[in-house]
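Report on the structure given below.
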Amino acid sequence: MTDLDDQWNELPTSTPPVDAILRAGRDREAKRRAVRGPALAVAASAALIGAYIAGSIDGNAPGPADLSARPGPSPVAFQADLDPAQSCDDLLASYRDRALGLVTEWGWGTGYGYGKAGLPLSPVQLGPRRDALTNATPSRLSTREGQTAGPTGTNIQEPDVDEPDTVKSNGKLVIRLRGDDLLVYDASGDKVTKQSTIRLPRLEDGEILLSGTTVVAIGADQVSPRDDVTGERRGSRIMTISIKQPSKPTIESTVTYSSRVLSTRQHGATVRLVLAAGLPELDFVEPGGKVTPTQALTANRAAVEDSTIKDWLPTHDSGDGSEQLLDCTDVALPPAASGLDTVSIVGFKASAPAAPQTIGLAGGATIAYESADHLYLADSPEPAAIARLDDCFDCFPGRVVPMTGSAGGTTHLYDFELDGVFASHVASGEIEGRIQDRWSLDEADDVLRVAVGPSSETGPFNSVVTLRRDGQELVEAGRVDRLGRNEEIKGVRWFDDLAVVVTYRQVDPLYTIDLADPSRPKLIGKLKIPGYSDYLHPLENDEMLGIGFSGGRDRGSAQIAVFDTSDLTDVKRTDVEQYPGSEPIAAGEPRAFTYLPEQDTVLTVLQKSSTVSLATIEIRNGRLTSRLTKVEYGADAAQVRTIAMPDDRVVLITGEDVRFFDLP
């Protein structure tokens with residue numbers, strides 16, 4: 001018997017609280033979408049009763065939310081076209097077979113930034129938005145009013161899904177991560193006062209989440225090796241810090257992973273990571289000296305054939321030594337056209353980071369998007385080629401870099417249903433075209449909506465595609481094509497029954513697409529104006545703000561515009577502010593943006609040369625009034641954030657300071 005078995009046997013037992021457990025299971029399931037039916041509720045209740053019988057719950061145990069971090073098998077992890085490996089030998093054979101098609105005389109590649117056929121490396125390699133069945137045109141932008149920040153102060157994509165940032169708040173305390181220092185401030189008085197500082201050893205490029213009095217810090221593991229191709233750290237470090245005593249924070253746990261973080265999201269007390277291991281480091285040789293290209297290729301293929309399952313599967317260490325993160329039979333084998341990587345989905349309670357629930361995919365994923373109860377992974381093809389290696393043999397003759405993402409023109413999609421710390425694959429699908437980023441995906445009432453750009457399998461235009469689950473497949477329900485011919489998608493925002501898509505080449509076409517009937521989406525409006533908006537944010541009173549860059553003589557300067565969307569067939573730009581020579585940080589980093597609906601005001605960060613300013617913009621009757629305040633200098637622009645407090649005050653965070661910011 002194990003030590004855990006002994007501990008379970010020593011637990012007191014009593015009459016099973018079956019009624020309470022069933023009631024808890026029903027309450028838990030009631031929060032999930034009714035479309036999934038009562039079978040899941042019965043299964044959840046049965047699992048709880050089984051846990052009691054196993055001796056892991058006593059009559060006074062807490063409710064089911066505390067059980068999701070328990071050790072043991074997850075629900076059925078894979079369906080549709082993702083078959084779990086039958087054994088470690090089966091999984092290793094899949095890795096080897098696909099790797100033999102990628103390895104060259106230069107190993108995995110040279111790091112010159114090109115993929116096969118001259119394609120730029122994918123984001124995975126370079127590292128780091130109602131079932132309405134009416135055909136009526138939407139009458140307003142959204143049934144939601146202007147979207148405010150998440151529960152910890154961060155401007156987020158989904159209202160129920162928090163995202164990591166360098167600053168978090170619980171309404172009284174402000175917690176920031178600066179370098180490897182975690183600082184705690186009290187913002188409940190007349191001034192913001194620092195309470196404490198604690199160093200987080202070996203954490204690099206970190207961000208934080210906040211769950212009650214627990215801070216979860218996520219970043220690169222400073223002592224992990226760097227990837228030969230990307231130069232990034234291959235490993236990640238997850239630390240939890242208690243701020244129950246703000247003046248004396250304490251590090252409670254440290255868990256390291258041999259994979260890098262592709263995505264982090266928080267659902268209540270649950271934290272979910274999507275990790276990408278990258279291609280393994282094998283004993284490759286390169287041509288040179290007495291080694292011919294043919295000899296190098298033969299040796300490198302032999303290195304692949306000699307690789308072991310330990311070379312391919314990631315590990316984690318919670319302090320007791322390194323362990324394999326994934327069981328071989330918890331890793332799914334993807335379609336043949338998928339990229340080569342090992343992607344891990346890791347769920348844990350913020351209070352129990354050393355007890356993760358994990359499943360894996362022996363393939364690539366370039367994008368992760370999470371709704372309130374689903375995770376979608378996209379393995380999207382590479383962007384259009386900017387140069388072919390055949391044209392540059394004098395530069396680096398014959399050298400190619402294999403891609404971890406899909407090399408074709410089709411995006412593979414994997415749908416995972418979320419239940420606490422568990423993730424279960426429920427459907428897969430494909431879309432011809434390329435997905436730019438996570439903002440290009442959205443889920444509403446079990447309909448996945450996707451904005452896709454052109455690839456080798458499409459025409460030179462963009463599209464909006466809707467998909468529904470049909471059994472274990474994501475199947476196309478409807479689509480709108482020919483959006484922005486020969487133009488690039490710059491911004492996307494989704495609403496209950498509407499998509500707003502901005503494309504750009506020389507002017508800014510802003511498209512409105514009616515999604516009220518997902519099987520018959522239709523283009524209902526088009527506005528052409530100079531410049532473009534990278535980031536779109538819904539306001540109140542049928543208005544929307546766009547942050548991006550201007551066109552014309554001031555092309556490349558920051559531009560902020562307000563749009564009247566009361567008539568979605570005829571959207572109008574009612575006012576615009578331009579900031580010559582400035583860059584809008586929120587165009588690429590939406591967390592540098594705060595909306596204050598009570599004050600009809602937005603705050604956003606601009607940078608002009610070495611000067612960093614905070615733009616305070618009032619929106620009244622469709623008009624903008626802008627005021628710039630210099631707040632920082634130099635490279636600390638990325639550190640600047642604003643947090644709205646419950647008493648309507650605003651905390652400004654700069655590189656060196658945390659203080660209240662006076663609104664006009």
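Identifiers in the structure tokens: chain A, B, ... in order shown; residue index from 1 per chain; ligand index from 1 in order shown.
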Long-range neighbours of A:Val161 as a CSV table (one decimal) with N, CA, C and O atoms, in the first residue's frame, 10 Å cut-off, only C-alpha atoms, 2 positions minimum in chain:
```
chain,number,residue,atom,x,y,z
A,150,GLY,N,-11.9,43.0,-15.9
A,150,GLY,CA,-12.2,41.7,-15.1
A,150,GLY,C,-12.2,41.9,-13.6
A,150,GLY,O,-11.9,43.0,-13.1
A,151,PRO,N,-12.4,40.9,-12.9
A,151,PRO,CA,-12.5,41.0,-11.4
A,151,PRO,C,-11.3,41.4,-10.7
A,151,PRO,O,-11.3,41.9,-9.6
A,156,ILE,N,-9.9,42.3,-20.2
A,156,ILE,CA,-9.8,40.9,-20.7
A,156,ILE,C,-10.7,40.7,-21.9
A,156,ILE,O,-11.6,41.5,-22.2
A,157,GLN,N,-10.5,39.6,-22.5
A,157,GLN,CA,-11.3,39.2,-23.7
A,157,GLN,C,-12.7,38.7,-23.4
A,157,GLN,O,-13.7,39.1,-24.0
A,158,GLU,N,-12.7,37.8,-22.4
A,158,GLU,CA,-14.0,37.2,-22.1
A,158,GLU,C,-14.4,37.6,-20.7
A,158,GLU,O,-13.6,37.6,-19.7
A,159,PRO,N,-15.7,38.0,-20.4
A,159,PRO,CA,-16.1,38.5,-19.1
A,159,PRO,C,-15.8,37.6,-18.0
A,159,PRO,O,-15.6,38.0,-16.8
A,163,GLU,N,-7.3,36.9,-17.0
A,163,GLU,CA,-6.1,36.7,-17.7
A,163,GLU,C,-4.9,37.2,-16.9
A,163,GLU,O,-5.1,38.1,-16.0
A,265,ARG,N,-5.1,31.0,-18.3
A,265,ARG,CA,-6.4,31.6,-18.0
A,265,ARG,C,-6.9,31.2,-16.6
A,265,ARG,O,-6.4,30.1,-16.1
A,266,GLN,N,-7.8,31.9,-16.0
A,266,GLN,CA,-8.3,31.6,-14.7
A,266,GLN,C,-9.8,31.6,-14.7
A,266,GLN,O,-10.5,32.6,-15.2
A,267,HIS,N,-10.4,30.6,-14.2
A,267,HIS,CA,-11.9,30.4,-14.0
A,267,HIS,C,-12.1,30.3,-12.6
A,267,HIS,O,-12.0,29.2,-12.0
A,268,GLY,N,-12.5,31.4,-11.9
A,268,GLY,CA,-12.7,31.3,-10.5
A,268,GLY,C,-11.4,30.9,-9.8
A,268,GLY,O,-10.4,31.6,-9.9
A,370,GLU,N,-10.1,30.6,-24.7
A,370,GLU,CA,-11.0,30.0,-23.7
A,370,GLU,C,-12.2,30.8,-23.5
A,370,GLU,O,-12.1,32.1,-23.3
A,371,SER,N,-13.4,30.2,-23.6
A,371,SER,CA,-14.6,30.8,-23.2
A,371,SER,C,-14.9,30.4,-21.8
A,371,SER,O,-14.0,29.9,-21.1
A,372,ALA,N,-16.1,30.6,-21.3
A,372,ALA,CA,-16.4,30.3,-19.9
A,372,ALA,C,-16.3,28.8,-19.6
A,372,ALA,O,-16.0,28.4,-18.5
A,373,ASP,N,-16.6,28.0,-20.6
A,373,ASP,CA,-16.6,26.5,-20.4
A,373,ASP,C,-16.0,25.7,-21.5
A,373,ASP,O,-16.2,24.5,-21.5
```
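Rounded to one decimal, atom CA of A:Leu377 and atom CA of A:Asp415 lie 6.8 Å from each other.
Using only C-alpha atoms, the contacts of stretch 594-606 of chain A at a cut-off of 7 Å, with sequence neighbours closer than 6 positions omitted, comprise Thr148, Ala149, Asn155, Ser582, Glu583, Pro584, Ile585, Ala586, Val612, Ser613, Leu614, Ala615, Thr616, Ile617, Glu618, Ile619, Arg620 and Thr642 of chain A.
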Counting only C-alpha atoms, the option among A:Ser533, A:Asn621, A:Gln245, A:Thr193 closest to A:Thr214: A:Gln245
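For the choices A:Pro521, A:Val331, A:Gly231, A:Thr270, the atom-to-atom distance to A:Leu418 is smallest for A:Thr270 when using only C-alpha atoms.
Using only C-alpha atoms, the smallest distance between any of A:Gly634, A:Ile251, A:Leu91, A:Asp564 and A:Leu313 comes from A:Leu91.
Atom pair atom CA of A:Lys310 / atom CA of A:Leu92 has a distance of 9.3 Å (rounded to one decimal).
For the pair atom CA of A:Gln222 and atom CA of A:Asp317, the interatomic distance is 14.5 Å.
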